[in-house]
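Quick look at structure.txt (compact mmCIF, C-alpha atoms):
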```txt
# COMPACT_ATOMS: atom_id res chain seq x y z
CA MET X 1 0.00 0.00 0.00
CA ARG X 2 1.42 3.33 -1.02
CA THR X 3 1.38 6.37 1.26
CA TYR X 4 1.69 9.93 0.11
CA GLY X 5 3.33 12.16 2.71
CA LEU X 6 2.55 12.30 6.39
CA SER X 7 -0.90 11.87 7.85
CA ILE X 8 -2.25 14.33 10.40
CA PHE X 9 -2.04 11.45 12.90
CA ASP X 10 1.74 11.25 12.36
CA LEU X 11 2.43 14.76 13.68
CA PRO X 12 4.62 14.94 16.80
CA LYS X 13 2.98 15.25 20.21
CA ILE X 14 2.34 18.81 21.34
CA PRO X 15 4.53 19.26 24.46
CA ILE X 16 1.86 20.92 26.61
CA GLY X 17 3.11 19.15 29.74
CA LYS X 18 6.67 20.41 29.20
CA TRP X 19 5.39 23.96 28.64
CA ILE X 20 3.46 23.85 31.90
CA GLU X 21 6.48 22.51 33.76
CA ALA X 22 8.67 25.24 32.24
CA ILE X 23 6.21 27.92 33.41
CA GLU X 24 6.13 26.30 36.83
CA SER X 25 9.93 26.30 37.06
CA TRP X 26 10.10 29.94 35.98
CA LEU X 27 7.55 30.98 38.61
CA GLU X 28 9.36 29.02 41.32
CA GLY X 29 12.62 30.72 40.43
CA ASN X 30 11.31 34.28 40.04
CA ALA X 31 8.34 34.53 42.41
CA GLY X 32 9.55 32.38 45.30
CA PRO X 33 9.37 35.17 47.94
CA VAL X 34 5.81 36.00 46.87
CA PHE X 35 4.68 32.40 47.30
CA LYS X 36 6.48 32.21 50.63
CA GLY X 37 4.68 35.35 51.84
CA ILE X 38 1.31 34.02 50.72
CA LYS X 39 2.00 30.71 52.44
CA THR X 40 2.94 32.45 55.69
CA PHE X 41 -0.12 34.70 55.62
CA ILE X 42 -2.58 31.90 54.86
CA GLY X 43 -1.00 29.52 57.35
CA SER X 44 -0.99 32.04 60.18
CA THR X 45 -4.58 33.10 59.42
CA VAL X 46 -5.96 29.56 59.35
CA ASN X 47 -4.01 28.48 62.42
CA GLY X 48 -5.01 31.60 64.32
CA LEU X 49 -8.67 31.12 63.48
CA ALA X 50 -8.56 27.43 64.39
CA ASP X 51 -6.79 28.19 67.67
CA GLY X 52 -9.44 30.81 68.41
CA PHE X 53 -12.27 28.32 67.86
CA ASN X 54 -10.55 25.67 69.97
CA ALA X 55 -9.75 28.15 72.75
CA VAL X 56 -13.48 28.53 73.45
CA PRO X 57 -15.06 25.69 75.46
CA PRO X 58 -16.84 23.40 72.97
CA LEU X 59 -20.22 23.50 74.70
CA LEU X 60 -20.15 27.30 74.83
CA LEU X 61 -19.25 27.48 71.15
CA ILE X 62 -22.07 25.06 70.33
CA VAL X 63 -24.49 27.39 72.12
CA LEU X 64 -23.12 30.40 70.23
CA PHE X 65 -23.39 28.65 66.85
CA THR X 66 -26.93 27.53 67.74
CA ALA X 67 -27.90 31.10 68.63
CA LEU X 68 -26.48 32.33 65.31
CA ALA X 69 -28.38 29.64 63.44
CA PHE X 70 -31.60 30.55 65.23
CA TRP X 71 -31.14 34.24 64.45
CA ILE X 72 -30.59 33.49 60.75
CA GLY X 73 -32.68 30.38 60.13
CA ARG X 74 -35.00 30.01 63.11
CA THR X 75 -35.95 26.80 64.88
CA ARG X 76 -35.17 23.92 62.52
CA ILE X 77 -31.64 24.87 61.59
CA ALA X 78 -30.92 25.90 65.19
CA LEU X 79 -32.05 22.50 66.46
CA PHE X 80 -29.98 20.70 63.83
CA THR X 81 -26.96 22.86 64.70
CA LEU X 82 -27.30 22.03 68.39
CA LEU X 83 -27.71 18.28 67.88
CA GLY X 84 -25.24 18.01 64.98
CA LEU X 85 -22.41 19.87 66.69
CA TYR X 86 -22.96 18.00 69.93
CA LEU X 87 -22.71 14.73 67.97
CA VAL X 88 -19.41 15.91 66.49
CA TYR X 89 -18.18 16.76 70.00
CA ASN X 90 -19.38 13.41 71.35
CA LEU X 91 -17.58 11.47 68.60
CA GLY X 92 -14.30 13.22 69.42
CA TYR X 93 -13.87 15.21 66.20
CA TRP X 94 -14.46 18.68 67.63
CA GLU X 95 -10.95 20.11 67.29
CA ASN X 96 -10.45 18.75 63.79
CA THR X 97 -13.89 19.99 62.72
CA MET X 98 -13.02 23.49 63.95
CA GLU X 99 -9.78 23.30 61.95
CA THR X 100 -11.80 22.33 58.88
CA LEU X 101 -14.19 25.22 59.54
CA ALA X 102 -11.23 27.61 59.72
CA LEU X 103 -9.90 26.30 56.39
CA VAL X 104 -13.30 26.67 54.74
CA LEU X 105 -13.85 30.18 56.09
CA VAL X 106 -10.45 31.43 54.93
CA ALA X 107 -10.82 29.82 51.48
CA SER X 108 -14.37 31.19 51.13
CA ILE X 109 -13.42 34.72 52.21
CA ILE X 110 -10.53 34.81 49.72
CA SER X 111 -12.86 33.50 46.99
CA ILE X 112 -15.48 36.14 47.79
CA VAL X 113 -12.95 39.00 47.99
CA LEU X 114 -11.54 38.04 44.58
CA GLY X 115 -14.71 36.70 42.97
CA ILE X 116 -17.17 39.53 43.50
CA PRO X 117 -14.93 42.24 41.93
CA LEU X 118 -14.23 39.91 38.99
CA GLY X 119 -17.96 39.29 38.61
CA ILE X 120 -18.61 43.04 38.67
CA ALA X 121 -15.93 43.55 36.01
CA CYS X 122 -17.59 40.88 33.83
CA ALA X 123 -20.98 42.54 34.26
CA ARG X 124 -19.62 45.96 33.28
CA SER X 125 -17.67 44.77 30.21
CA ASP X 126 -18.65 42.20 27.59
CA ARG X 127 -14.99 41.95 26.59
CA VAL X 128 -13.94 40.99 30.11
CA GLN X 129 -16.77 38.46 30.27
CA LYS X 130 -15.64 36.84 27.00
CA ILE X 131 -12.11 36.49 28.40
CA VAL X 132 -13.10 35.25 31.87
CA THR X 133 -15.86 32.80 30.87
CA PRO X 134 -13.59 30.25 29.10
CA VAL X 135 -11.20 30.40 32.06
CA LEU X 136 -14.08 29.61 34.43
CA ASP X 137 -15.20 26.76 32.17
CA PHE X 138 -11.68 25.35 32.32
CA MET X 139 -11.52 25.72 36.11
CA GLN X 140 -14.87 23.98 36.65
CA THR X 141 -14.20 21.05 34.34
CA MET X 142 -10.61 20.30 35.37
CA PRO X 143 -10.50 17.34 37.83
CA ALA X 144 -10.19 18.58 41.41
CA PHE X 145 -7.09 16.50 42.13
CA VAL X 146 -5.13 18.31 39.41
CA TYR X 147 -5.24 21.52 41.45
CA LEU X 148 -3.23 19.83 44.19
CA LEU X 149 -0.15 19.54 41.95
CA PRO X 150 0.64 23.24 41.33
CA ALA X 151 -0.47 24.08 44.87
CA VAL X 152 2.13 21.68 46.28
CA ALA X 153 4.77 22.83 43.78
CA PHE X 154 4.45 26.48 44.79
CA PHE X 155 3.53 26.18 48.49
CA SER X 156 4.87 22.72 49.50
CA LEU X 157 2.76 20.58 51.85
CA GLY X 158 0.48 21.94 54.55
CA VAL X 159 -2.39 24.35 55.02
CA ALA X 160 -1.60 26.93 52.33
CA PRO X 161 -1.80 24.65 49.26
CA GLY X 162 -5.10 23.26 50.55
CA VAL X 163 -6.57 26.76 50.81
CA ILE X 164 -5.21 27.83 47.42
CA ALA X 165 -6.59 24.71 45.72
CA SER X 166 -9.95 25.33 47.43
CA VAL X 167 -10.01 28.93 46.20
CA ILE X 168 -9.31 27.91 42.61
CA PHE X 169 -11.91 25.15 42.77
CA GLY X 170 -14.58 27.19 44.55
CA ILE X 171 -14.35 30.70 43.11
CA PRO X 172 -16.17 30.25 39.73
CA PRO X 173 -19.77 30.27 41.13
CA THR X 174 -19.19 33.59 42.89
CA ILE X 175 -17.85 35.18 39.70
CA ARG X 176 -20.59 33.75 37.48
CA LEU X 177 -23.53 34.60 39.73
CA THR X 178 -22.24 38.07 40.55
CA ASN X 179 -22.05 38.74 36.82
CA LEU X 180 -25.50 37.22 36.27
CA GLY X 181 -27.13 39.07 39.17
CA ILE X 182 -25.90 42.50 38.03
CA ARG X 183 -26.82 41.85 34.41
CA GLN X 184 -30.36 40.89 35.50
CA VAL X 185 -31.01 44.26 37.14
CA PRO X 186 -33.95 45.81 35.20
CA VAL X 187 -32.77 48.16 32.47
CA ASP X 188 -35.41 50.77 33.32
CA LEU X 189 -34.01 51.09 36.86
CA VAL X 190 -30.50 51.55 35.51
CA GLU X 191 -31.73 54.17 33.05
CA ALA X 192 -33.58 55.97 35.85
CA ALA X 193 -30.40 56.05 37.93
CA ASP X 194 -28.51 57.48 34.94
CA ALA X 195 -31.24 60.08 34.45
CA PHE X 196 -30.85 61.26 38.04
CA GLY X 197 -27.12 61.75 37.49
CA SER X 198 -25.80 58.79 39.48
CA THR X 199 -22.12 58.04 39.09
CA PRO X 200 -21.14 54.48 38.10
CA LEU X 201 -20.04 53.79 41.69
CA GLN X 202 -23.30 55.11 43.15
CA LYS X 203 -25.30 53.10 40.65
CA LEU X 204 -23.36 49.96 41.54
CA VAL X 205 -23.47 50.34 45.32
CA LYS X 206 -26.98 51.74 45.76
CA LEU X 207 -28.87 49.98 42.95
CA GLN X 208 -27.20 47.03 41.26
CA LEU X 209 -25.57 45.26 44.21
CA PRO X 210 -28.64 45.45 46.51
CA ILE X 211 -30.92 44.04 43.79
CA ALA X 212 -28.38 41.40 42.77
CA ALA X 213 -27.56 40.44 46.39
CA PRO X 214 -29.74 37.26 46.51
CA THR X 215 -28.14 35.92 43.32
CA ILE X 216 -24.67 36.84 44.58
CA MET X 217 -25.37 35.09 47.89
CA ALA X 218 -26.42 31.97 45.99
CA GLY X 219 -22.99 32.00 44.35
CA VAL X 220 -21.34 32.47 47.75
CA ASN X 221 -23.30 29.46 49.04
CA GLN X 222 -21.99 27.29 46.20
CA THR X 223 -18.46 28.56 46.76
CA ILE X 224 -18.59 27.58 50.43
CA MET X 225 -19.83 24.09 49.58
CA LEU X 226 -17.15 23.58 46.92
CA SER X 227 -14.48 24.89 49.28
CA LEU X 228 -15.56 22.39 51.92
CA SER X 229 -15.38 19.48 49.49
CA MET X 230 -11.94 20.58 48.27
CA VAL X 231 -10.63 21.05 51.81
CA VAL X 232 -11.41 17.40 52.49
CA ILE X 233 -9.56 16.33 49.33
CA ALA X 234 -6.65 18.61 50.27
CA SER X 235 -5.98 16.44 53.32
CA MET X 236 -3.91 14.34 50.87
CA ILE X 237 -1.33 17.15 50.74
CA GLY X 238 -1.17 17.87 54.44
CA ALA X 239 -4.18 20.11 55.04
CA GLN X 240 -5.36 19.74 58.62
CA GLY X 241 -8.88 19.08 59.84
CA VAL X 242 -11.37 16.27 59.76
CA GLY X 243 -10.46 15.52 56.13
CA ALA X 244 -7.20 14.05 57.43
CA ASP X 245 -9.25 11.63 59.55
CA VAL X 246 -11.23 10.61 56.49
CA TYR X 247 -8.04 10.10 54.47
CA ARG X 248 -6.39 8.01 57.20
CA ALA X 249 -9.50 5.86 57.54
CA VAL X 250 -9.50 5.22 53.78
CA THR X 251 -5.82 4.30 53.66
CA GLN X 252 -6.19 2.00 56.68
CA ALA X 253 -9.54 0.52 55.57
CA LYS X 254 -11.25 1.54 58.83
CA THR X 255 -14.88 1.81 57.73
CA GLY X 256 -16.29 2.82 61.12
CA VAL X 257 -13.78 5.60 61.70
CA GLY X 258 -14.26 6.84 58.14
CA PHE X 259 -18.03 6.94 58.60
CA GLU X 260 -17.72 8.91 61.84
CA ALA X 261 -15.30 11.44 60.32
CA GLY X 262 -17.47 11.70 57.21
CA LEU X 263 -20.48 12.35 59.42
CA ALA X 264 -18.66 15.32 60.97
CA VAL X 265 -18.09 16.72 57.46
CA VAL X 266 -21.78 16.21 56.60
CA VAL X 267 -22.92 18.04 59.74
CA LEU X 268 -20.64 20.99 59.00
CA ALA X 269 -21.71 21.09 55.35
CA ILE X 270 -25.43 21.08 56.17
CA ILE X 271 -25.04 23.83 58.78
CA LEU X 272 -23.07 26.08 56.42
CA ASP X 273 -25.46 25.36 53.55
CA ARG X 274 -28.63 26.08 55.52
CA ILE X 275 -27.26 29.23 57.11
CA THR X 276 -26.17 30.73 53.78
CA GLN X 277 -29.44 29.67 52.11
CA ASN X 278 -31.42 31.41 54.83
CA LEU X 279 -29.30 34.51 54.37
CA VAL X 280 -30.42 34.49 50.73
CA LYS X 281 -34.09 34.04 51.73
CA ASN X 282 -33.91 36.80 54.32
CA LYS X 283 -32.32 39.13 51.78
CA ARG X 284 -35.10 38.42 49.29
CA LYS X 285 -37.73 39.14 51.92
CA GLY X 286 -35.96 42.38 52.75
CA THR X 287 -35.99 43.45 49.12
```
Let's see the structure in the file written out as structure tokens.
Amino acid sequence: MRTYGLSIFDLPKIPIGKWIEAIESWLEGNAGPVFKGIKTFIGSTVNGLADGFNAVPPLLLIVLFTALAFWIGRTRIALFTLLGLYLVYNLGYWENTMETLALVLVASIISIVLGIPLGIACARSDRVQKIVTPVLDFMQTMPAFVYLLPAVAFFSLGVAPGVIASVIFGIPPTIRLTNLGIRQVPVDLVEAADAFGSTPLQKLVKLQLPIAAPTIMAGVNQTIMLSLSMVVIASMIGAQGVGADVYRAVTQAKTGVGFEAGLAVVVLAIILDRITQNLVKNKRKGT
């Protein structure tokens, strides 16, 4: 059989992996102090928050969390918070659960601080939205475990790479729903604000953000849930918390211990989910 030239299937492999490794090596060599500073800041923040939670007597903190849940979500979520957190305390996972909560809070706050301005930028510019949207698609479809590799490469093992991986994994919903919420503000209201001479900042702060707040809070809720799931996965690279108990139980084939640790994660996830959902509902009632 005669062949004429090379087929498209005979072309050499595109060295994407080598390109990524070259970029990684360049960043490690030129931005090492920056990564070290970020690692120190994140580590000290998470550890300080976890130490603060664990410095309070567990039963007192359970009462405080229950009161917060009652104030936001009323009786059902308050009752679940009381019983769920007491179960976590009874099973012996209190300190690790508070460490996980600290990780989730830091990762979520960083995601919100970065995500909402990016969402606002997307809402204000179609060009920015066209650039950011494919990046978000890539971030949401990439397997979660892949994020652990660059996090470890830049920040070594420990708390910081777990938080960074959680931020990357959890930030897209906040950006998307902030953009969506602002774009869904009625055009006639925006035109009325322009007619009254509002500056872009006044229009954003006094009109668009208040109306879009429920949609933005829905994105924040999703970000918190994704951050929690990633924090558990990040126990593979040294992140502290109850995720480490889950990982050890899996590696040692201890089904009972794994179920107990997983139950602590479930309790924390439900509490965070219900509280943020009720914040959304309360905001809608207020508007």
Segment 219-228 of chain X surroundings by only C-alpha atoms, 6 Å radius, close-in-sequence under 4 positions cut, as a list in words: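 In the requested form, the answer reads Val104, Ser108, Ser166, Gly170, Ile171, Pro173, Thr174, Leu177 and Thr276 of chain X.
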Using only C-alpha atoms for the distances, tell me which of X:Ile233, X:Leu61, X:Val132, X:Leu148 is nearest to Glu95 of chain X.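 The shortest atom-to-atom distance to Glu95 of chain X comes from X:Leu61.
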For Leu85 of chain X, which of X:Leu118, X:Thr215, X:Pro210, X:Leu268 is the closest residue, counting only C-alpha atoms? X:Leu268
Work out how far apart atom CA of Arg248 of chain X and atom CA of Phe145 of chain X are and give it in Å to one decimal.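 Straight-line distance from atom CA of Arg248 of chain X to atom CA of Phe145 of chain X works out to 17.3 Å.
Taking atom CA of Pro33 of chain X and atom CA of Ser156 of chain X as endpoints, the distance between them is 13.3 Å.
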